[in-house]
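Undergrad: I am attaching a structure below and will ask some questions about it afterwards.
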Amino acid sequence: MHGVVRWRLIDVAQWMFEEFRITIAKQTLSRELRVEIWFADEARVSQKNKITRRWAKRGTRPIAPRDQRTASTYIFGAICPQEGKGAALILPACNTEAMNLHLAEIAKAVAAHAVLLVDQARWHLSTRLVVPANITIIPLPPKCPELNPVENVWQFMRDNWLSNRIFKSYDDLVDHCCAAWNKRVDQPWRIMSIGLRQWAHGF
């Protein structure tokens with residue numbers, strides 16, 4: 001062991017020269033060793049959605065529509081807070097096949113290599129997953145949803161775009177989910193403000 005606790009680019013460059021007699025610039029190493037930290041999760045959105053707080057004139061009781069139908073869909077969403085990027089699919093089921101589609105979608109958005117942090121749902125860690133070469137999956141500790149900032153993304157989307165409304169049909173539900181996610185990725189600064197975590201990005 002080299003006794004190095006934290007490798008800087010200059011340390012890696014020095015090690016490569018000592019081991020292989022290869023001289024490489026720090027800028028080149030930075031480009032080649034770039035790793036993006038992504039977080040992924042799923043949200044179920046139903047016709048029977050939640051009622052959230054809303055602005056109203058003092059002394060009045062605002063009306064909020066409530067649907068009793070139960071058609072639902074799932075948003076498979078992932079964010080890279082440091083880059084303000086996101087990738088998502090709206091899918092009818094939450095299973096390994098859906099996760100494989102989502103991984104392929106994330107892979108398209110990754111510039112170099114992604115470390116994808118997920119909770120320990122069975123479809124996140126299934127042996128039947130087809131993990132793209134530019135993604136490494138790392139499970140978060142069990143029962144720690146607060147570690148995944150995508151949970152906060154879902155809360156924001158529900159509070160602002162997906163609650164207090166009636167969806168006419170399943171297709172209308174899917175359209176609203178697509179519109180809500182597209183609004184989210186059109187605001188990279190908000191992905192950064194919601195998603196950056198000191199423990200993941202502060203080193």
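To be explicit about the labels: the chains of the structure tokens are called A, B, and onward in the order shown, and within each one the residues are counted from 1, while ligands get numbers from 1 in the order they are shown.
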What lies within 12 Å of range 90-97 of chain A using only C-alpha atoms, ignoring chain neighbours under 6 positions off, as JSON, numbers by chain?
TA: {"A": [41, 42, 43, 44, 45, 46, 71, 72, 73, 74, 75, 76, 77, 78, 103, 104, 105, 121, 122, 123, 124, 125, 126, 127, 128, 129, 130, 131, 170, 171, 173, 174, 175, 176, 177, 178, 179, 180, 181, 182]}
Undergrad: What does the file look like for those residues with N, CA and C atoms, as a tab-separated table (two decimals), in the first residue's frame?
TA:
chain	number	residue	atom	x	y	z
A	41	ASP	N	-34.77	6.06	-8.45
A	41	ASP	CA	-35.89	5.58	-7.63
A	41	ASP	C	-37.14	5.55	-8.51
A	42	GLU	N	-38.24	5.04	-7.95
A	42	GLU	CA	-39.50	5.00	-8.68
A	42	GLU	C	-40.60	5.64	-7.84
A	43	ALA	N	-41.56	6.21	-8.55
A	43	ALA	CA	-42.73	6.79	-7.89
A	43	ALA	C	-43.99	6.26	-8.56
A	44	ARG	N	-44.93	5.80	-7.75
A	44	ARG	CA	-46.22	5.37	-8.28
A	44	ARG	C	-47.15	6.57	-8.30
A	45	VAL	N	-47.75	6.83	-9.45
A	45	VAL	CA	-48.69	7.94	-9.58
A	45	VAL	C	-50.03	7.34	-9.98
A	46	SER	N	-51.07	7.67	-9.21
A	46	SER	CA	-52.38	7.06	-9.41
A	46	SER	C	-53.43	8.11	-9.71
A	71	ALA	N	-56.44	3.61	-11.55
A	71	ALA	CA	-55.41	3.35	-12.56
A	71	ALA	C	-54.12	4.04	-12.12
A	72	SER	N	-52.98	3.40	-12.36
A	72	SER	CA	-51.71	3.98	-11.91
A	72	SER	C	-50.59	3.65	-12.89
A	73	THR	N	-49.52	4.40	-12.76
A	73	THR	CA	-48.32	4.17	-13.55
A	73	THR	C	-47.12	4.46	-12.67
A	74	TYR	N	-45.93	4.22	-13.19
A	74	TYR	CA	-44.71	4.42	-12.42
A	74	TYR	C	-43.75	5.32	-13.18
A	75	ILE	N	-43.18	6.27	-12.46
A	75	ILE	CA	-42.09	7.06	-13.02
A	75	ILE	C	-40.79	6.44	-12.52
A	76	PHE	N	-39.99	5.91	-13.44
A	76	PHE	CA	-38.64	5.46	-13.13
A	76	PHE	C	-37.73	6.65	-13.41
A	77	GLY	N	-37.22	7.28	-12.35
A	77	GLY	CA	-36.44	8.50	-12.54
A	77	GLY	C	-35.06	8.40	-11.92
A	78	ALA	N	-34.11	9.08	-12.56
A	78	ALA	CA	-32.74	9.14	-12.03
A	78	ALA	C	-32.21	10.55	-12.25
A	103	LEU	N	-32.24	1.42	-16.92
A	103	LEU	CA	-30.78	1.45	-16.94
A	103	LEU	C	-30.26	1.83	-18.33
A	104	ALA	N	-30.89	1.29	-19.35
A	104	ALA	CA	-30.49	1.64	-20.72
A	104	ALA	C	-30.71	3.12	-21.00
A	105	GLU	N	-31.79	3.68	-20.45
A	105	GLU	CA	-32.08	5.11	-20.63
A	105	GLU	C	-31.06	5.97	-19.90
A	121	ALA	N	-34.60	-2.35	-3.23
A	121	ALA	CA	-35.75	-3.03	-3.84
A	121	ALA	C	-35.23	-4.20	-4.69
A	122	ARG	N	-36.01	-5.26	-4.75
A	122	ARG	CA	-35.51	-6.49	-5.40
A	122	ARG	C	-35.17	-6.28	-6.87
A	123	TRP	N	-35.90	-5.40	-7.57
A	123	TRP	CA	-35.62	-5.19	-8.99
A	123	TRP	C	-34.38	-4.33	-9.21
A	124	HIS	N	-33.89	-3.67	-8.15
A	124	HIS	CA	-32.65	-2.90	-8.28
A	124	HIS	C	-31.42	-3.78	-8.22
A	125	LEU	N	-31.56	-4.93	-7.57
A	125	LEU	CA	-30.39	-5.79	-7.33
A	125	LEU	C	-30.57	-7.18	-7.92
A	126	SER	N	-31.54	-7.34	-8.80
A	126	SER	CA	-31.83	-8.64	-9.38
A	126	SER	C	-30.64	-9.18	-10.19
A	127	THR	N	-30.47	-10.48	-10.14
A	127	THR	CA	-29.42	-11.11	-10.96
A	127	THR	C	-29.78	-11.09	-12.44
A	128	ARG	N	-31.02	-10.74	-12.75
A	128	ARG	CA	-31.45	-10.67	-14.15
A	128	ARG	C	-31.29	-9.27	-14.75
A	129	LEU	N	-30.70	-8.37	-13.98
A	129	LEU	CA	-30.46	-7.04	-14.52
A	129	LEU	C	-29.39	-7.08	-15.62
A	130	VAL	N	-29.60	-6.28	-16.64
A	130	VAL	CA	-28.61	-6.10	-17.70
A	130	VAL	C	-28.01	-4.71	-17.48
A	131	VAL	N	-26.88	-4.67	-16.80
A	131	VAL	CA	-26.28	-3.40	-16.41
A	131	VAL	C	-25.33	-2.92	-17.52
A	170	TYR	N	-56.01	6.79	-18.27
A	170	TYR	CA	-54.64	6.32	-18.04
A	170	TYR	C	-53.67	7.10	-18.92
A	171	ASP	N	-54.03	7.32	-20.18
A	171	ASP	CA	-53.15	8.07	-21.09
A	171	ASP	C	-52.93	9.49	-20.59
A	173	LEU	N	-53.00	10.40	-17.48
A	173	LEU	CA	-52.10	10.24	-16.34
A	173	LEU	C	-50.66	10.17	-16.80
A	174	VAL	N	-50.39	9.34	-17.82
A	174	VAL	CA	-49.03	9.20	-18.36
A	174	VAL	C	-48.55	10.53	-18.93
A	175	ASP	N	-49.43	11.23	-19.66
A	175	ASP	CA	-49.05	12.52	-20.24
A	175	ASP	C	-48.65	13.52	-19.16
A	176	HIS	N	-49.39	13.54	-18.05
A	176	HIS	CA	-49.06	14.46	-16.96
A	176	HIS	C	-47.72	14.09	-16.30
A	177	CYS	N	-47.47	12.80	-16.17
A	177	CYS	CA	-46.19	12.36	-15.60
A	177	CYS	C	-45.03	12.77	-16.51
A	178	CYS	N	-45.22	12.59	-17.81
A	178	CYS	CA	-44.17	12.99	-18.77
A	178	CYS	C	-43.93	14.49	-18.70
A	179	ALA	N	-45.02	15.26	-18.67
A	179	ALA	CA	-44.90	16.72	-18.62
A	179	ALA	C	-44.19	17.16	-17.35
A	180	ALA	N	-44.54	16.54	-16.22
A	180	ALA	CA	-43.93	16.90	-14.94
A	180	ALA	C	-42.43	16.60	-14.96
A	181	TRP	N	-42.06	15.44	-15.46
A	181	TRP	CA	-40.62	15.10	-15.50
A	181	TRP	C	-39.88	16.02	-16.46
A	182	ASN	N	-40.47	16.33	-17.60
A	182	ASN	CA	-39.80	17.21	-18.56
A	182	ASN	C	-39.60	18.61	-17.97
Undergrad: Quick one: residues within 7 Å of Gln120 in chain A, only C-alpha atoms, excluding same-chain residues fewer than 5 positions away - as a ChimeraX atom specification?
TA: /A:125,139-140,142
Undergrad: In Å to one decimal, how far is CA of Gly86 in chain A from CA of Gln198 in chain A?
TA: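 Distance reported for this atom pair: 19.3 Å.
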Undergrad: Which residues are close to Ala40 in chain A, i.e. within 9 Å by only C-alpha atoms, leaving aside same-chain residues fewer than 4 positions away? Reply as a compact mmCIF listing (two decimals) with C-alpha atoms, in the first residue's frame.
TA:
# COMPACT_ATOMS: atom_id res chain seq x y z
CA PHE A 76 -38.64 5.46 -13.13
CA GLY A 77 -36.44 8.50 -12.54
CA ALA A 78 -32.74 9.14 -12.03
CA ILE A 79 -30.80 12.35 -11.43
CA LEU A 116 -25.83 4.64 -9.58
CA LEU A 117 -27.10 4.66 -6.00
CA VAL A 118 -30.39 2.85 -5.43
CA ASP A 119 -32.37 1.45 -2.52
CA ASN A 148 -31.88 9.27 -1.84
CA PRO A 149 -32.60 12.82 -3.13
CA VAL A 150 -34.96 11.44 -5.78
